[in-house]
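What's in coords.txt: compact mmCIF, C-alpha atoms
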# COMPACT_ATOMS: atom_id res chain seq x y z
CA MET Y 397 -100.68 -42.27 -98.97
CA GLN Y 398 -99.20 -41.17 -95.66
CA LYS Y 399 -96.94 -38.14 -95.78
CA PRO Y 400 -93.34 -38.44 -94.46
CA ILE Y 401 -92.83 -37.23 -90.91
CA ILE Y 402 -90.45 -34.34 -90.28
CA THR Y 403 -88.97 -34.06 -86.79
CA THR Y 404 -86.52 -31.23 -87.52
CA ILE Y 405 -86.57 -28.20 -89.78
CA ALA Y 406 -83.19 -26.56 -90.36
CA PHE Y 407 -82.78 -23.06 -91.77
CA ASP Y 408 -79.86 -21.42 -93.45
CA ALA Y 409 -79.20 -18.01 -91.87
CA ASP Y 410 -77.82 -15.44 -94.33
CA ASP Y 411 -80.35 -14.42 -97.00
CA THR Y 412 -82.82 -16.99 -95.67
CA LEU Y 413 -83.61 -15.61 -92.21
CA TRP Y 414 -82.12 -12.17 -92.70
CA ARG Y 415 -80.56 -10.01 -95.41
CA ASN Y 416 -76.82 -10.46 -95.80
CA GLU Y 417 -75.56 -10.31 -99.38
CA ASP Y 418 -76.74 -6.69 -99.64
CA VAL Y 419 -74.18 -5.71 -97.00
CA PHE Y 420 -71.38 -7.33 -99.01
CA LEU Y 421 -72.56 -5.67 -102.24
CA SER Y 422 -72.60 -2.25 -100.57
CA THR Y 423 -69.04 -2.73 -99.33
CA GLN Y 424 -67.92 -3.98 -102.75
CA GLN Y 425 -69.34 -0.81 -104.33
CA TYR Y 426 -67.30 1.37 -101.96
CA PHE Y 427 -64.23 -0.76 -102.73
CA VAL Y 428 -64.74 -0.31 -106.48
CA GLU Y 429 -64.96 3.46 -106.04
CA MET Y 430 -61.76 3.42 -104.00
CA LEU Y 431 -59.87 1.71 -106.83
CA SER Y 432 -61.71 3.32 -109.76
CA SER Y 433 -58.67 5.36 -110.79
CA TYR Y 434 -56.69 2.13 -111.33
CA HIS Y 435 -59.09 -0.22 -113.14
CA SER Y 436 -62.64 -0.61 -114.44
CA LYS Y 437 -65.45 -1.77 -112.19
CA GLU Y 438 -65.75 -5.03 -114.10
CA TYR Y 439 -62.07 -5.87 -113.75
CA ILE Y 440 -61.97 -4.99 -110.05
CA LEU Y 441 -64.96 -7.20 -109.27
CA GLU Y 442 -63.63 -10.03 -111.42
CA ARG Y 443 -60.27 -9.97 -109.66
CA LEU Y 444 -61.88 -9.69 -106.21
CA ASN Y 445 -64.05 -12.71 -106.92
CA GLU Y 446 -61.02 -14.73 -108.02
CA VAL Y 447 -59.10 -13.78 -104.85
CA GLN Y 448 -62.07 -14.59 -102.60
CA ILE Y 449 -62.52 -18.03 -104.09
CA SER Y 450 -58.80 -18.82 -103.93
CA ASN Y 451 -58.75 -17.75 -100.28
CA LEU Y 452 -61.70 -19.86 -99.12
CA SER Y 453 -59.46 -22.79 -98.22
CA ASN Y 454 -57.34 -20.48 -96.05
CA PHE Y 455 -59.79 -18.03 -94.53
CA GLY Y 456 -63.17 -19.71 -94.96
CA TYR Y 457 -66.43 -17.84 -95.41
CA GLY Y 458 -67.50 -14.64 -93.72
CA ILE Y 459 -66.64 -10.99 -93.28
CA LYS Y 460 -63.11 -11.49 -91.92
CA GLY Y 461 -62.02 -13.61 -94.86
CA PHE Y 462 -63.76 -11.16 -97.21
CA THR Y 463 -61.81 -8.28 -95.65
CA LEU Y 464 -58.47 -10.01 -96.14
CA SER Y 465 -59.42 -10.65 -99.75
CA LEU Y 466 -60.27 -6.96 -100.19
CA ILE Y 467 -56.86 -5.95 -98.88
CA GLU Y 468 -55.03 -8.52 -100.98
CA THR Y 469 -56.93 -7.45 -104.09
CA ALA Y 470 -56.24 -3.78 -103.42
CA ILE Y 471 -52.51 -4.40 -103.03
CA SER Y 472 -52.43 -6.41 -106.23
CA LEU Y 473 -54.48 -4.03 -108.36
CA THR Y 474 -52.56 -0.95 -107.22
CA GLU Y 475 -49.20 -2.74 -107.53
CA GLY Y 476 -48.55 -1.97 -103.87
CA ARG Y 477 -49.44 1.70 -104.08
CA ILE Y 478 -52.46 1.49 -101.79
CA THR Y 479 -51.85 3.63 -98.72
CA GLY Y 480 -52.01 2.69 -95.09
CA TYR Y 481 -54.95 5.08 -94.76
CA GLU Y 482 -56.86 3.22 -97.48
CA VAL Y 483 -56.16 -0.14 -95.81
CA HIS Y 484 -57.50 1.41 -92.60
CA GLU Y 485 -60.66 2.41 -94.51
CA ILE Y 486 -61.17 -1.20 -95.61
CA ILE Y 487 -60.79 -2.39 -92.03
CA GLN Y 488 -63.34 0.19 -90.88
CA LEU Y 489 -65.74 -1.07 -93.54
CA ALA Y 490 -65.35 -4.57 -92.12
CA LYS Y 491 -66.16 -3.34 -88.62
CA GLN Y 492 -69.26 -1.64 -89.94
CA MET Y 493 -70.33 -4.87 -91.64
CA LEU Y 494 -69.86 -6.83 -88.41
CA ALA Y 495 -71.98 -4.34 -86.46
CA ALA Y 496 -74.64 -3.83 -89.14
CA PRO Y 497 -78.29 -4.10 -88.06
CA VAL Y 498 -79.91 -7.44 -88.83
CA HIS Y 499 -82.92 -7.04 -91.11
CA MET Y 500 -85.15 -10.10 -91.07
CA LEU Y 501 -86.80 -11.17 -94.29
CA PRO Y 502 -90.58 -10.66 -94.45
CA GLY Y 503 -92.66 -13.35 -92.79
CA ILE Y 504 -89.74 -15.20 -91.15
CA GLU Y 505 -90.63 -14.55 -87.51
CA ASP Y 506 -94.30 -15.40 -88.09
CA LEU Y 507 -93.18 -18.67 -89.73
CA LEU Y 508 -90.86 -19.58 -86.86
CA ARG Y 509 -93.50 -18.73 -84.28
CA SER Y 510 -95.98 -21.00 -86.05
CA LEU Y 511 -93.54 -23.92 -86.38
CA LYS Y 512 -91.93 -23.65 -82.94
CA ASP Y 513 -94.01 -26.24 -81.08
CA LYS Y 514 -94.65 -28.51 -84.04
CA CYS Y 515 -91.09 -29.81 -84.54
CA GLN Y 516 -87.49 -29.10 -83.62
CA LEU Y 517 -86.01 -26.00 -85.24
CA MET Y 518 -82.36 -25.34 -85.93
CA VAL Y 519 -79.99 -23.18 -87.96
CA ILE Y 520 -77.17 -24.60 -90.04
CA THR Y 521 -75.02 -21.80 -91.38
CA LYS Y 522 -71.45 -21.35 -92.52
CA GLY Y 523 -69.03 -18.54 -91.85
CA ASP Y 524 -67.22 -16.98 -88.93
CA LEU Y 525 -68.52 -18.20 -85.56
CA LEU Y 526 -68.45 -14.83 -83.77
CA ASP Y 527 -70.07 -13.04 -86.69
CA GLN Y 528 -72.86 -15.60 -87.08
CA GLU Y 529 -73.55 -15.78 -83.35
CA GLY Y 530 -73.63 -11.98 -83.23
CA LYS Y 531 -76.19 -11.78 -86.02
CA LEU Y 532 -78.40 -14.35 -84.32
CA ALA Y 533 -78.27 -12.39 -81.07
CA ARG Y 534 -79.08 -9.10 -82.82
CA SER Y 535 -81.91 -10.70 -84.80
CA GLY Y 536 -83.90 -11.62 -81.70
CA LEU Y 537 -84.71 -15.02 -83.21
CA SER Y 538 -82.61 -17.24 -80.92
CA GLU Y 539 -85.60 -18.20 -78.75
CA TYR Y 540 -87.13 -20.11 -81.65
CA PHE Y 541 -84.22 -22.48 -82.25
CA ASP Y 542 -83.26 -25.67 -80.46
CA TRP Y 543 -79.79 -25.74 -82.05
CA TYR Y 544 -77.53 -23.31 -83.85
CA GLU Y 545 -74.73 -24.91 -85.86
CA VAL Y 546 -71.97 -22.90 -87.58
CA VAL Y 547 -69.95 -25.06 -89.98
CA SER Y 548 -66.83 -24.30 -92.01
CA ASN Y 549 -68.47 -25.44 -95.23
CA LYS Y 550 -71.74 -26.93 -96.43
CA LYS Y 551 -70.77 -30.13 -98.12
CA VAL Y 552 -72.35 -33.54 -97.70
CA ALA Y 553 -69.88 -34.55 -95.00
CA ASN Y 554 -70.64 -31.40 -92.97
CA TYR Y 555 -74.36 -32.15 -92.98
CA GLN Y 556 -73.79 -35.81 -92.14
CA LYS Y 557 -71.63 -34.80 -89.19
CA VAL Y 558 -74.32 -32.45 -87.86
CA PHE Y 559 -77.05 -35.08 -88.25
CA GLU Y 560 -74.93 -37.71 -86.52
CA SER Y 561 -73.87 -35.46 -83.64
CA LEU Y 562 -77.49 -34.51 -82.92
CA GLN Y 563 -78.78 -38.05 -83.57
CA LEU Y 564 -81.08 -36.90 -86.35
CA ALA Y 565 -82.38 -39.28 -88.98
CA PRO Y 566 -81.71 -37.51 -92.31
CA SER Y 567 -85.03 -38.71 -93.73
CA GLU Y 568 -86.79 -36.74 -90.98
CA VAL Y 569 -84.91 -33.47 -91.60
CA LEU Y 570 -85.98 -30.62 -93.89
CA MET Y 571 -83.42 -27.94 -94.79
CA ILE Y 572 -84.61 -24.54 -96.02
CA GLY Y 573 -82.23 -22.11 -97.70
CA ASN Y 574 -81.51 -19.70 -100.54
CA SER Y 575 -78.43 -21.41 -102.02
CA LEU Y 576 -78.80 -24.44 -104.27
CA ARG Y 577 -75.09 -25.20 -103.92
CA SER Y 578 -74.95 -24.96 -100.13
CA ASP Y 579 -78.46 -25.49 -98.77
CA VAL Y 580 -80.12 -27.86 -101.22
CA LEU Y 581 -77.93 -30.17 -103.31
CA PRO Y 582 -75.61 -31.44 -100.53
CA VAL Y 583 -78.61 -31.88 -98.22
CA LEU Y 584 -80.35 -34.07 -100.77
CA ASP Y 585 -77.13 -36.05 -101.22
CA ALA Y 586 -77.02 -36.55 -97.43
CA GLY Y 587 -80.45 -38.17 -97.53
CA ALA Y 588 -82.50 -35.30 -96.11
CA HIS Y 589 -85.19 -33.10 -97.67
CA ALA Y 590 -84.60 -29.56 -98.93
CA LEU Y 591 -86.62 -26.53 -99.98
CA HIS Y 592 -85.13 -23.72 -102.08
CA VAL Y 593 -86.20 -20.15 -101.26
CA PRO Y 594 -84.25 -17.94 -103.68
CA TYR Y 595 -82.89 -14.55 -102.65
CA HIS Y 596 -82.86 -11.69 -105.15
CA THR Y 597 -79.08 -11.86 -105.50
CA THR Y 598 -76.61 -14.72 -105.10
CA TRP Y 599 -72.82 -14.69 -104.95
CA SER Y 600 -71.44 -16.27 -108.13
CA HIS Y 601 -69.62 -18.95 -106.11
CA GLU Y 602 -72.99 -20.19 -104.82
CA GLN Y 603 -74.58 -20.55 -108.24
CA VAL Y 604 -74.92 -23.89 -110.01
CA THR Y 605 -75.01 -24.75 -113.69
CA ASP Y 606 -77.84 -26.36 -115.61
CA GLU Y 607 -75.56 -29.35 -116.14
CA GLU Y 608 -75.16 -29.81 -112.38
CA LEU Y 609 -78.91 -29.65 -111.89
CA LYS Y 610 -79.70 -32.40 -114.38
CA GLN Y 611 -79.27 -35.08 -111.73
CA TYR Y 612 -81.66 -33.26 -109.35
CA PRO Y 613 -85.01 -33.10 -111.13
CA ASP Y 614 -87.92 -31.21 -109.62
CA ILE Y 615 -86.12 -29.38 -106.81
CA PRO Y 616 -88.91 -27.82 -104.73
CA SER Y 617 -88.90 -24.04 -104.52
CA VAL Y 618 -91.10 -21.27 -103.14
CA SER Y 619 -90.63 -17.56 -103.60
CA SER Y 620 -91.00 -16.29 -100.03
CA ALA Y 621 -91.30 -17.21 -96.36
CA SER Y 622 -95.05 -16.71 -96.48
CA GLU Y 623 -95.34 -19.77 -98.76
CA ILE Y 624 -93.16 -22.12 -96.72
CA GLU Y 625 -95.65 -23.41 -94.14
CA ASN Y 626 -98.31 -24.26 -96.71
CA TRP Y 627 -95.70 -26.08 -98.80
CA ILE Y 628 -94.57 -28.07 -95.76
CA ARG Y 629 -98.13 -29.08 -94.89
CA ASN Y 630 -98.77 -30.22 -98.44
CA HIS Y 631 -95.77 -32.55 -98.38
CA PHE Y 632 -95.06 -33.60 -94.78
CA GLN Y 633 -96.44 -34.24 -91.32
CA LEU Y 634 -94.72 -32.43 -88.45
CA SER Y 635 -93.76 -34.67 -85.55
CA GLY Y 636 -95.26 -32.42 -82.86
CA GLU Y 637 -98.65 -32.54 -84.51
CA VAL Y 638 -98.48 -36.30 -85.00
CA ARG Y 639 -97.83 -36.84 -81.27
CA SER Y 640 -100.65 -34.53 -80.26

Here is the file; what I need is its structure written in the form of structure tokens.
Amino acid sequence: MQKPIITTIAFDADDTLWRNEDVFLSTQQYFVEMLSSYHSKEYILERLNEVQISNLSNFGYGIKGFTLSLIETAISLTEGRITGYEVHEIIQLAKQMLAAPVHMLPGIEDLLRSLKDKCQLMVITKGDLLDQEGKLARSGLSEYFDWYEVVSNKKVANYQKVFESLQLAPSEVLMIGNSLRSDVLPVLDAGAHALHVPYHTTWSHEQVTDEELKQYPDIPSVSSASEIENWIRNHFQLSGEVRS
């Protein structure tokens, strides 16, 4: 039986190409320490998570929206007693996050180098445009990608819009990412292929329930970048190799 042909492989960026959630967790820890005299760690994190999720429709994803949620949470949990100096500290934390070094995940550059001439490569990521473009530039990976798309959200309609604008047949696209909710399930619903590569930690908003997964049996998954190319070759033909 002939394997399906893949013309385009799309990668998520944060926690798929490079480490990202660790930076947020480090900042959250500092934030908890700042407010530790007011509430417990568990309550602070619970409230912050609630504020972040409620603010997504207003601020979207990324460090800037996260920073506004930190400030709002701090004002709420201190009943307005947070000082201007402490707000300044939060803003400085955000600037440090935006300028943080980009640490690629093991095996990613070798994988991209190997795939580069065998099909089209792209990134589909969500978040703040300037932040995501900055991370790509600092990563040194931009030379490997034909397209770099930053979307406001990763729902079915967002993927369909990207595929249509680039004239990509969904059945010839493979998406690789760490989030089932953002990088896998909506991609499958859009008619494309997806591969899950879990990261060691995932924001609670990105997690899915067992009930949600019941309608998606046998979601493919590998544990690291070093396994991706072999998995691809076992399931697909790459368009560049077919032409050659």

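Shortest atom-to-atom contact with Leu421 (chain Y) among Y:Val547, Y:Val618, Y:Met493, Y:Val583: Y:Met493, counting all atoms listed in the file.
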
Which residue of Y:Arg477, Y:Lys460, Y:Arg443, Y:His601 approaches Gln528 (chain Y) most closely, using all atoms listed in the file:
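For Gln528 (chain Y), the nearest of the given residues is Y:Lys460.
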
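Omitting Asp410 (chain Y) and its sequence neighbours fewer than 5 positions away, and counting only C-alpha atoms, the residues within 10 Å are Y:Arg415, Y:Asn416, Y:Glu417, Y:Val498, Y:Met500, Y:Leu501, Y:Thr521, Y:Lys522, Y:Gly523, Y:Gln528, Y:Lys531, Y:Gly573, Y:Asn574, Y:Ser575, Y:Tyr595.
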
Could you tell me, as a list in words, which residues have any atom at most 12 Å from (-55.7, -8.3, -95.6), counting all atoms listed in the file?
Val447, Gln448, Asn451, Phe455, Ile459, Lys460, Gly461, Phe462, Thr463, Leu464, Ser465, Leu466, Ile467, Glu468, Thr469, Ala470, Ile471, Ser472, Gly480, Glu482, Val483, His484, Glu485, Ile486, Ile487 and Ala490 of chain Y

Counting all atoms listed in the file, the residue of Y:Thr597, Y:Thr404, Y:Asn626, Y:Ser432 that sits nearest Lys512 (chain Y)
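Of all the options, Y:Thr404 lies closest to Lys512 (chain Y).
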
Within 12 Å of Gly536 (chain Y) using all atoms listed in the file, minus same-chain residues under 3 positions, as a list of chain:residue names:
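That gives Y:Leu413, Y:Trp414, Y:Pro497, Y:Val498, Y:His499, Y:Met500, Y:Ile504, Y:Glu505, Y:Leu508, Y:Glu529, Y:Gly530, Y:Lys531, Y:Leu532, Y:Ala533, Y:Glu539, Y:Tyr540, Y:Phe541.
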
Using C-alpha atoms, can you export the residues from the last selection as a PDB file, keeping the file's coordinate frame?
ATOM      1  CA  LEU Y 413     -83.610 -15.610 -92.210  1.00  0.00           C
ATOM      2  CA  TRP Y 414     -82.120 -12.170 -92.700  1.00  0.00           C
ATOM      3  CA  PRO Y 497     -78.290  -4.100 -88.060  1.00  0.00           C
ATOM      4  CA  VAL Y 498     -79.910  -7.440 -88.830  1.00  0.00           C
ATOM      5  CA  HIS Y 499     -82.920  -7.040 -91.110  1.00  0.00           C
ATOM      6  CA  MET Y 500     -85.150 -10.100 -91.070  1.00  0.00           C
ATOM      7  CA  ILE Y 504     -89.740 -15.200 -91.150  1.00  0.00           C
ATOM      8  CA  GLU Y 505     -90.630 -14.550 -87.510  1.00  0.00           C
ATOM      9  CA  LEU Y 508     -90.860 -19.580 -86.860  1.00  0.00           C
ATOM     10  CA  GLU Y 529     -73.550 -15.780 -83.350  1.00  0.00           C
ATOM     11  CA  GLY Y 530     -73.630 -11.980 -83.230  1.00  0.00           C
ATOM     12  CA  LYS Y 531     -76.190 -11.780 -86.020  1.00  0.00           C
ATOM     13  CA  LEU Y 532     -78.400 -14.350 -84.320  1.00  0.00           C
ATOM     14  CA  ALA Y 533     -78.270 -12.390 -81.070  1.00  0.00           C
ATOM     15  CA  GLU Y 539     -85.600 -18.200 -78.750  1.00  0.00           C
ATOM     16  CA  TYR Y 540     -87.130 -20.110 -81.650  1.00  0.00           C
ATOM     17  CA  PHE Y 541     -84.220 -22.480 -82.250  1.00  0.00           C
TER      18      PHE Y 541
END

Which residues are near His631 (chain Y)? Cut-off 9 Å, all atoms listed in the file, ignore same chain within fewer than 3 positions. Put them as a list in words.
Lys399, Pro400, Asn626, Trp627 and Ile628 of chain Y

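Considering all atoms listed in the file, the residue among Y:Leu634, Y:Asp506, Y:Ile572, Y:Glu560 positioned nearest to Ser619 (chain Y) is Y:Ile572.
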
Assuming 4 Å of padding per side, give the centre and edge lengths of the axis-aligned box around every listed atom of region 414-426 of chain Y, in Å to one decimal and as JSON.
{"center_x": -74.7, "center_y": -5.4, "center_z": -98.5, "size_x": 22.8, "size_y": 21.5, "size_z": 19.6}

Kindly give the distance, in Å, that separates CA of Asn549 (chain Y) and CA of Arg577 (chain Y), rounded to a single decimal.
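Computing it gives 10.9 Å between the two atoms.
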
With a distance cut-off of 10 Å and all atoms listed in the file, select the neighbouring residues of Thr474 (chain Y), excluding the residue or stretch itself and same-chain residues fewer than 5 positions from it, and output the selection as an MDAnalysis selection string.
chainID Y and resid 431 433:435 469 479

In Å, how far is it from CA of Lys557 (chain Y) to CA of Asp411 (chain Y)?
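So the two atoms, CA of Lys557 (chain Y) and CA of Asp411 (chain Y), lie 23.5 Å apart.
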
Distance CA of Ala586 (chain Y)-CA of Gly636 (chain Y), one decimal place?
23.7 Å

Quick one: residues within 7 Å of Leu570 (chain Y), all atoms listed in the file counted, chain neighbours fewer than 4 positions away excluded, as a ChimeraX atom specification?
/Y:402,404-406,588-590

Give me region 398-424 of chain Y with N, CA, C and O atoms filled in, as a JSON list (two decimals), in the frame of the given file.
[["chain", "number", "residue", "atom", "x", "y", "z"],
["Y", 398, "GLN", "N", -99.61, -41.95, -96.81],
["Y", 398, "GLN", "CA", -99.20, -41.17, -95.66],
["Y", 398, "GLN", "C", -98.00, -40.30, -96.00],
["Y", 398, "GLN", "O", -97.05, -40.73, -96.64],
["Y", 399, "LYS", "N", -98.04, -39.06, -95.52],
["Y", 399, "LYS", "CA", -96.94, -38.14, -95.78],
["Y", 399, "LYS", "C", -95.76, -38.46, -94.86],
["Y", 399, "LYS", "O", -95.96, -38.89, -93.72],
["Y", 400, "PRO", "N", -94.51, -38.24, -95.32],
["Y", 400, "PRO", "CA", -93.34, -38.44, -94.46],
["Y", 400, "PRO", "C", -93.40, -37.52, -93.24],
["Y", 400, "PRO", "O", -93.93, -36.41, -93.31],
["Y", 401, "ILE", "N", -92.86, -38.02, -92.14],
["Y", 401, "ILE", "CA", -92.83, -37.23, -90.91],
["Y", 401, "ILE", "C", -91.51, -36.46, -90.83],
["Y", 401, "ILE", "O", -90.43, -37.01, -91.06],
["Y", 402, "ILE", "N", -91.62, -35.19, -90.49],
["Y", 402, "ILE", "CA", -90.45, -34.34, -90.28],
["Y", 402, "ILE", "C", -90.33, -34.02, -88.80],
["Y", 402, "ILE", "O", -91.28, -33.50, -88.19],
["Y", 403, "THR", "N", -89.20, -34.37, -88.20],
["Y", 403, "THR", "CA", -88.97, -34.06, -86.79],
["Y", 403, "THR", "C", -88.19, -32.76, -86.60],
["Y", 403, "THR", "O", -88.28, -32.13, -85.55],
["Y", 404, "THR", "N", -87.41, -32.39, -87.65],
["Y", 404, "THR", "CA", -86.52, -31.23, -87.52],
["Y", 404, "THR", "C", -86.52, -30.42, -88.80],
["Y", 404, "THR", "O", -86.35, -30.96, -89.89],
["Y", 405, "ILE", "N", -86.70, -29.11, -88.65],
["Y", 405, "ILE", "CA", -86.57, -28.20, -89.78],
["Y", 405, "ILE", "C", -85.35, -27.32, -89.53],
["Y", 405, "ILE", "O", -85.25, -26.65, -88.49],
["Y", 406, "ALA", "N", -84.42, -27.35, -90.46],
["Y", 406, "ALA", "CA", -83.19, -26.56, -90.36],
["Y", 406, "ALA", "C", -83.25, -25.40, -91.35],
["Y", 406, "ALA", "O", -83.71, -25.57, -92.48],
["Y", 407, "PHE", "N", -82.81, -24.25, -90.92],
["Y", 407, "PHE", "CA", -82.78, -23.06, -91.77],
["Y", 407, "PHE", "C", -81.35, -22.62, -91.99],
["Y", 407, "PHE", "O", -80.52, -22.64, -91.07],
["Y", 408, "ASP", "N", -81.06, -22.21, -93.21],
["Y", 408, "ASP", "CA", -79.86, -21.42, -93.45],
["Y", 408, "ASP", "C", -80.10, -20.06, -92.77],
["Y", 408, "ASP", "O", -81.25, -19.70, -92.49],
["Y", 409, "ALA", "N", -79.03, -19.31, -92.53],
["Y", 409, "ALA", "CA", -79.20, -18.01, -91.87],
["Y", 409, "ALA", "C", -79.16, -16.85, -92.86],
["Y", 409, "ALA", "O", -80.18, -16.20, -93.13],
["Y", 410, "ASP", "N", -78.00, -16.60, -93.46],
["Y", 410, "ASP", "CA", -77.82, -15.44, -94.33],
["Y", 410, "ASP", "C", -78.66, -15.55, -95.60],
["Y", 410, "ASP", "O", -78.59, -16.54, -96.34],
["Y", 411, "ASP", "N", -79.48, -14.53, -95.82],
["Y", 411, "ASP", "CA", -80.35, -14.42, -97.00],
["Y", 411, "ASP", "C", -81.46, -15.46, -97.02],
["Y", 411, "ASP", "O", -82.12, -15.66, -98.04],
["Y", 412, "THR", "N", -81.66, -16.12, -95.87],
["Y", 412, "THR", "CA", -82.82, -16.99, -95.67],
["Y", 412, "THR", "C", -83.63, -16.48, -94.49],
["Y", 412, "THR", "O", -84.84, -16.30, -94.59],
["Y", 413, "LEU", "N", -82.95, -16.23, -93.37],
["Y", 413, "LEU", "CA", -83.61, -15.61, -92.21],
["Y", 413, "LEU", "C", -83.51, -14.10, -92.27],
["Y", 413, "LEU", "O", -84.46, -13.39, -91.93],
["Y", 414, "TRP", "N", -82.35, -13.62, -92.66],
["Y", 414, "TRP", "CA", -82.12, -12.17, -92.70],
["Y", 414, "TRP", "C", -81.28, -11.80, -93.93],
["Y", 414, "TRP", "O", -80.66, -12.64, -94.56],
["Y", 415, "ARG", "N", -81.31, -10.51, -94.26],
["Y", 415, "ARG", "CA", -80.56, -10.01, -95.41],
["Y", 415, "ARG", "C", -79.07, -10.00, -95.08],
["Y", 415, "ARG", "O", -78.67, -9.61, -93.99],
["Y", 416, "ASN", "N", -78.26, -10.42, -96.04],
["Y", 416, "ASN", "CA", -76.82, -10.46, -95.80],
["Y", 416, "ASN", "C", -76.02, -10.03, -97.03],
["Y", 416, "ASN", "O", -75.13, -9.19, -96.94],
["Y", 417, "GLU", "N", -76.33, -10.59, -98.18],
["Y", 417, "GLU", "CA", -75.56, -10.31, -99.38],
["Y", 417, "GLU", "C", -75.58, -8.82, -99.72],
["Y", 417, "GLU", "O", -74.59, -8.29, -100.24],
["Y", 418, "ASP", "N", -76.65, -8.13, -99.37],
["Y", 418, "ASP", "CA", -76.74, -6.69, -99.64],
["Y", 418, "ASP", "C", -75.62, -5.93, -98.95],
["Y", 418, "ASP", "O", -75.10, -4.94, -99.49],
["Y", 419, "VAL", "N", -75.25, -6.37, -97.74],
["Y", 419, "VAL", "CA", -74.18, -5.71, -97.00],
["Y", 419, "VAL", "C", -72.85, -5.88, -97.73],
["Y", 419, "VAL", "O", -72.04, -4.94, -97.85],
["Y", 420, "PHE", "N", -72.60, -7.08, -98.26],
["Y", 420, "PHE", "CA", -71.38, -7.33, -99.01],
["Y", 420, "PHE", "C", -71.36, -6.50, -100.30],
["Y", 420, "PHE", "O", -70.33, -5.94, -100.67],
["Y", 421, "LEU", "N", -72.50, -6.42, -100.98],
["Y", 421, "LEU", "CA", -72.56, -5.67, -102.24],
["Y", 421, "LEU", "C", -72.31, -4.19, -102.00],
["Y", 421, "LEU", "O", -71.65, -3.52, -102.81],
["Y", 422, "SER", "N", -72.82, -3.66, -100.90],
["Y", 422, "SER", "CA", -72.60, -2.25, -100.57],
["Y", 422, "SER", "C", -71.11, -1.98, -100.32],
["Y", 422, "SER", "O", -70.56, -0.97, -100.80],
["Y", 423, "THR", "N", -70.47, -2.89, -99.60],
["Y", 423, "THR", "CA", -69.04, -2.73, -99.33],
["Y", 423, "THR", "C", -68.23, -2.87, -100.62],
["Y", 423, "THR", "O", -67.25, -2.13, -100.84],
["Y", 424, "GLN", "N", -68.60, -3.81, -101.47],
["Y", 424, "GLN", "CA", -67.92, -3.98, -102.75],
["Y", 424, "GLN", "C", -68.01, -2.70, -103.58],
["Y", 424, "GLN", "O", -67.05, -2.33, -104.26]]
